$ cat target-v1.cif   # mmCIF, C-alpha atoms
data_work
loop_
_atom_site.label_atom_id
_atom_site.label_comp_id
_atom_site.auth_asym_id
_atom_site.auth_seq_id
_atom_site.Cartn_x
_atom_site.Cartn_y
_atom_site.Cartn_z
CA MET A 60 0.00 0.00 0.00
CA GLN A 61 1.30 3.46 -0.88
CA LYS A 62 1.72 6.21 1.69
CA ILE A 63 -1.19 8.61 2.03
CA ASP A 64 -0.79 12.26 3.07
CA ILE A 65 -3.87 13.72 4.76
CA SER A 66 -4.01 17.42 5.64
CA LEU A 67 -6.66 18.40 8.16
CA LYS A 68 -8.68 21.59 7.81
CA PRO A 69 -11.39 23.15 10.00
CA SER A 70 -14.63 21.18 10.10
CA ARG A 71 -17.99 22.95 9.88
CA LEU A 72 -19.67 20.04 11.62
CA PHE A 73 -17.27 20.35 14.55
CA ILE A 74 -17.91 24.12 14.73
CA TYR A 75 -21.69 23.55 14.87
CA LEU A 76 -21.30 20.83 17.49
CA LEU A 77 -19.10 23.02 19.67
CA MET A 78 -21.48 25.98 19.31
CA VAL A 79 -24.44 23.85 20.44
CA ILE A 80 -22.46 22.64 23.45
CA LEU A 81 -21.33 26.16 24.40
CA VAL A 82 -24.83 27.60 24.08
CA GLY A 83 -26.18 24.70 26.15
CA CYS A 84 -23.58 25.36 28.86
CA LEU A 85 -24.39 29.06 28.90
CA LEU A 86 -28.12 28.36 29.18
CA CYS A 87 -27.47 26.00 32.08
CA ILE A 88 -25.39 28.65 33.82
CA PHE A 89 -28.13 31.25 33.38
CA SER A 90 -30.71 28.86 34.83
CA LEU A 91 -28.68 28.27 38.01
CA SER A 92 -30.01 29.83 41.17
CA VAL A 93 -26.70 31.21 42.43
CA ALA A 94 -25.28 34.70 42.85
CA TRP A 95 -24.67 36.70 39.67
CA SER A 96 -20.99 37.05 40.55
CA LEU A 97 -20.60 33.26 40.40
CA LYS A 98 -22.58 33.13 37.14
CA ILE A 99 -20.26 35.71 35.59
CA ILE A 100 -17.20 33.72 36.65
CA LEU A 101 -18.72 30.54 35.16
CA ILE A 102 -19.69 32.33 31.92
CA ILE A 103 -16.19 33.76 31.51
CA SER A 104 -14.68 30.31 32.20
CA VAL A 105 -16.90 28.62 29.61
CA LEU A 106 -16.15 31.31 27.01
CA PHE A 107 -12.38 31.11 27.56
CA TYR A 108 -12.43 27.32 27.41
CA GLY A 109 -14.54 27.45 24.24
CA ALA A 110 -12.10 29.93 22.70
CA TRP A 111 -9.19 27.63 23.57
CA ILE A 112 -10.95 24.67 21.92
CA PHE A 113 -11.60 26.80 18.81
CA TRP A 114 -7.93 27.81 18.71
CA LYS A 115 -6.52 24.31 19.21
CA GLU A 116 -9.03 21.88 17.70
CA ILE A 117 -10.97 23.83 15.07
CA TYR A 118 -8.62 26.48 13.69
CA LEU A 119 -5.58 24.22 14.30
CA MET A 120 -3.35 27.13 15.31
CA SER A 121 -1.87 25.81 18.58
CA ALA A 122 1.59 24.25 18.59
CA ALA A 123 -0.08 21.05 19.87
CA SER A 124 -2.66 20.97 17.06
CA MET A 125 -2.46 17.97 14.76
CA VAL A 126 -2.61 19.29 11.19
CA GLY A 127 -1.93 16.17 9.20
CA LEU A 128 -1.35 12.46 9.00
CA GLN A 129 0.94 10.45 6.79
CA LEU A 130 -0.36 6.89 6.64
CA LEU A 131 2.22 4.22 5.93
CA GLU A 132 2.08 0.45 5.64
CA GLU A 133 0.03 -1.61 8.08
CA GLU A 134 -0.77 0.42 11.19
CA SER A 135 2.21 2.81 11.27
CA CYS A 136 1.96 6.50 10.45
CA TYR A 137 3.43 9.93 11.10
CA LEU A 138 1.53 12.65 12.95
CA ARG A 139 2.18 16.24 11.81
CA TYR A 140 1.69 19.10 14.24
CA PHE A 141 1.33 22.86 13.69
CA SER A 142 4.73 23.41 15.32
CA SER A 143 6.30 21.46 12.41
CA ASN A 144 6.92 18.42 14.61
CA THR A 145 6.46 15.03 13.01
CA ILE A 146 6.09 12.02 15.29
CA ALA A 147 6.01 8.35 14.36
CA ALA A 148 3.05 6.46 15.83
CA GLU A 149 0.99 3.32 15.48
CA ILE A 150 -2.80 3.18 15.28
CA ASP A 151 -4.41 1.71 18.37
CA GLY A 152 -7.24 -0.79 18.35
CA SER A 153 -9.42 1.44 20.54
CA SER A 154 -10.06 3.88 17.68
CA THR A 155 -13.65 4.51 16.61
CA VAL A 156 -14.57 4.69 12.95
CA THR A 157 -17.93 5.79 11.52
CA ALA A 158 -19.09 7.20 8.20
CA LEU A 159 -19.25 10.72 9.70
CA VAL A 160 -16.31 10.91 12.11
CA CYS A 161 -13.19 8.96 13.03
CA VAL A 162 -11.71 9.13 16.51
CA LEU A 163 -8.20 7.86 15.96
CA ARG A 164 -6.04 6.82 18.89
CA PHE A 165 -2.32 6.39 18.43
CA LYS A 166 0.45 4.80 20.45
CA VAL A 167 3.54 7.00 20.39
CA PRO A 168 6.69 5.05 21.37
CA ASP A 169 8.13 7.59 23.87
CA GLN A 170 4.84 8.49 25.57
CA ARG A 171 2.81 6.59 28.15
CA ARG A 172 -0.46 8.24 27.16
CA LYS A 173 -2.14 7.61 23.85
CA THR A 174 -2.60 10.49 21.43
CA ALA A 175 -6.02 11.09 19.88
CA CYS A 176 -7.16 12.80 16.71
CA VAL A 177 -10.74 13.49 15.66
CA VAL A 178 -11.25 13.55 11.90
CA PHE A 179 -14.66 14.72 10.71
CA LYS A 180 -15.73 13.81 7.20
CA ASP A 181 -15.79 17.45 6.10
CA SER A 182 -12.30 18.21 7.50
CA VAL A 183 -10.63 16.32 4.64
CA ASP A 184 -11.40 15.75 0.97
CA LYS A 185 -13.93 13.02 0.20
CA GLU A 186 -11.29 10.92 -1.51
CA MET A 187 -8.88 11.27 1.42
CA TYR A 188 -11.59 10.27 3.91
CA ARG A 189 -12.31 7.20 1.80
CA LYS A 190 -8.60 6.34 1.71
CA LEU A 191 -8.44 6.78 5.47
CA MET A 192 -11.36 4.39 5.92
CA VAL A 193 -9.71 1.83 3.63
CA TRP A 194 -6.38 2.19 5.46
CA LEU A 195 -8.12 1.69 8.80
CA ARG A 196 -9.99 -1.33 7.45
CA CYS A 197 -6.70 -2.86 6.35
CA SER A 198 -5.04 -2.08 9.68
CA LYS A 199 -5.57 -3.85 12.94
CA VAL A 200 -8.39 -1.50 14.01
CA GLU A 201 -10.90 -3.46 11.98
CA LYS A 202 -9.15 -6.76 12.67
CA LYS A 203 -9.51 -6.22 16.44
CA LYS A 204 -13.20 -5.30 16.13
CA ASN A 205 -13.94 -8.49 14.23
CA SER A 206 -12.15 -10.66 16.79
#
$ encode --input "target-v1.cif" --output "structure tokens"
Amino acid sequence: MQKIDISLKPSRLFIYLLMVILVGCLLCIFSLSVAWSLKIILIISVLFYGAWIFWKEIYLMSAASMVGLQLLEEESCYLRYFSSNTIAAEIDGSSTVTALVCVLRFKVPDQRRKTACVVFKDSVDKEMYRKLMVWLRCSKVEKKKNS
């Protein structure tokens, strides 16, 4: 199998999902029966956290933002970050794959924690999403699910 380069771009579906969650959180805060000073602190916290998620996960501008994947043979790949870092990793069997979104979990050799990447269908070209699905089907992600 040839190597596949996938560049991630902002997803409209992810933006809508995050907006619904933020509005829901703000409505919950407004419905609380606590002092207004506490409500203002909670509102500011939710807005700052939402802005950080937009910066890191949607606009992909943080140094820790994953901006691309290079899929190699079997389950190995390279993860590209905004800070121009490229890290070798292996796909983990606990990844979730659907027709709309893929939650990819990777094992990085030097790290104890697994790294995750959420790829929405509209954050890559249709052909690249199809190639990603085929690559995942050929890797051990699908093999583990069938076992």
$ closest_residue --input "target-v1.cif" --among "A:Trp114, A:Asn144, A:Lys68, A:Ile150" --to "Leu131 (chain A)" --atoms "only C-alpha atoms"
A:Ile150
$ atom_distance --input "target-v1.cif" --atom1 "CA of Phe73 (chain A)" --atom2 "CA of Tyr188 (chain A)"
15.7 Å
$ residues_around --input "target-v1.cif" --residues "Glu149 (chain A)" --least-positions-apart "6" --cutoff "8 Å" --atoms "only C-alpha atoms" --output "list in words"
Glu134, Ser135, Cys136, Phe165, Lys166 and Val167 of chain A
$ closest_residue --input "target-v1.cif" --among "A:Leu128, A:Val178, A:Leu101, A:Leu106" --to "Ser70 (chain A)" --atoms "only C-alpha atoms"
A:Val178
$ atom_distance --input "target-v1.cif" --atom1 "CA of Ile146 (chain A)" --atom2 "CA of Pro69 (chain A)"
21.4 Å
$ resolve_selection --input "target-v1.cif" --expression "the PyMOL selection byres ((chain A and resi 61) around 10)" --output "number ranges by chain"
A: 60, 62-64, 130-132
$ resolve_selection --input "target-v1.cif" --expression "the PyMOL selection byres ((chain A and resi 142) around 9)" --output "PyMOL selection string"
chain A and resi 120-124+139-141+143-145
$ resolve_selection --input "target-v1.cif" --expression "the PyMOL selection byres ((chain A and resi 81-88) around 12)" --output "ChimeraX atom specification"
/A:74-80,89-110,112-113
$ atom_distance --input "target-v1.cif" --atom1 "CA of Phe179 (chain A)" --atom2 "CA of Ile65 (chain A)"
12.4 Å
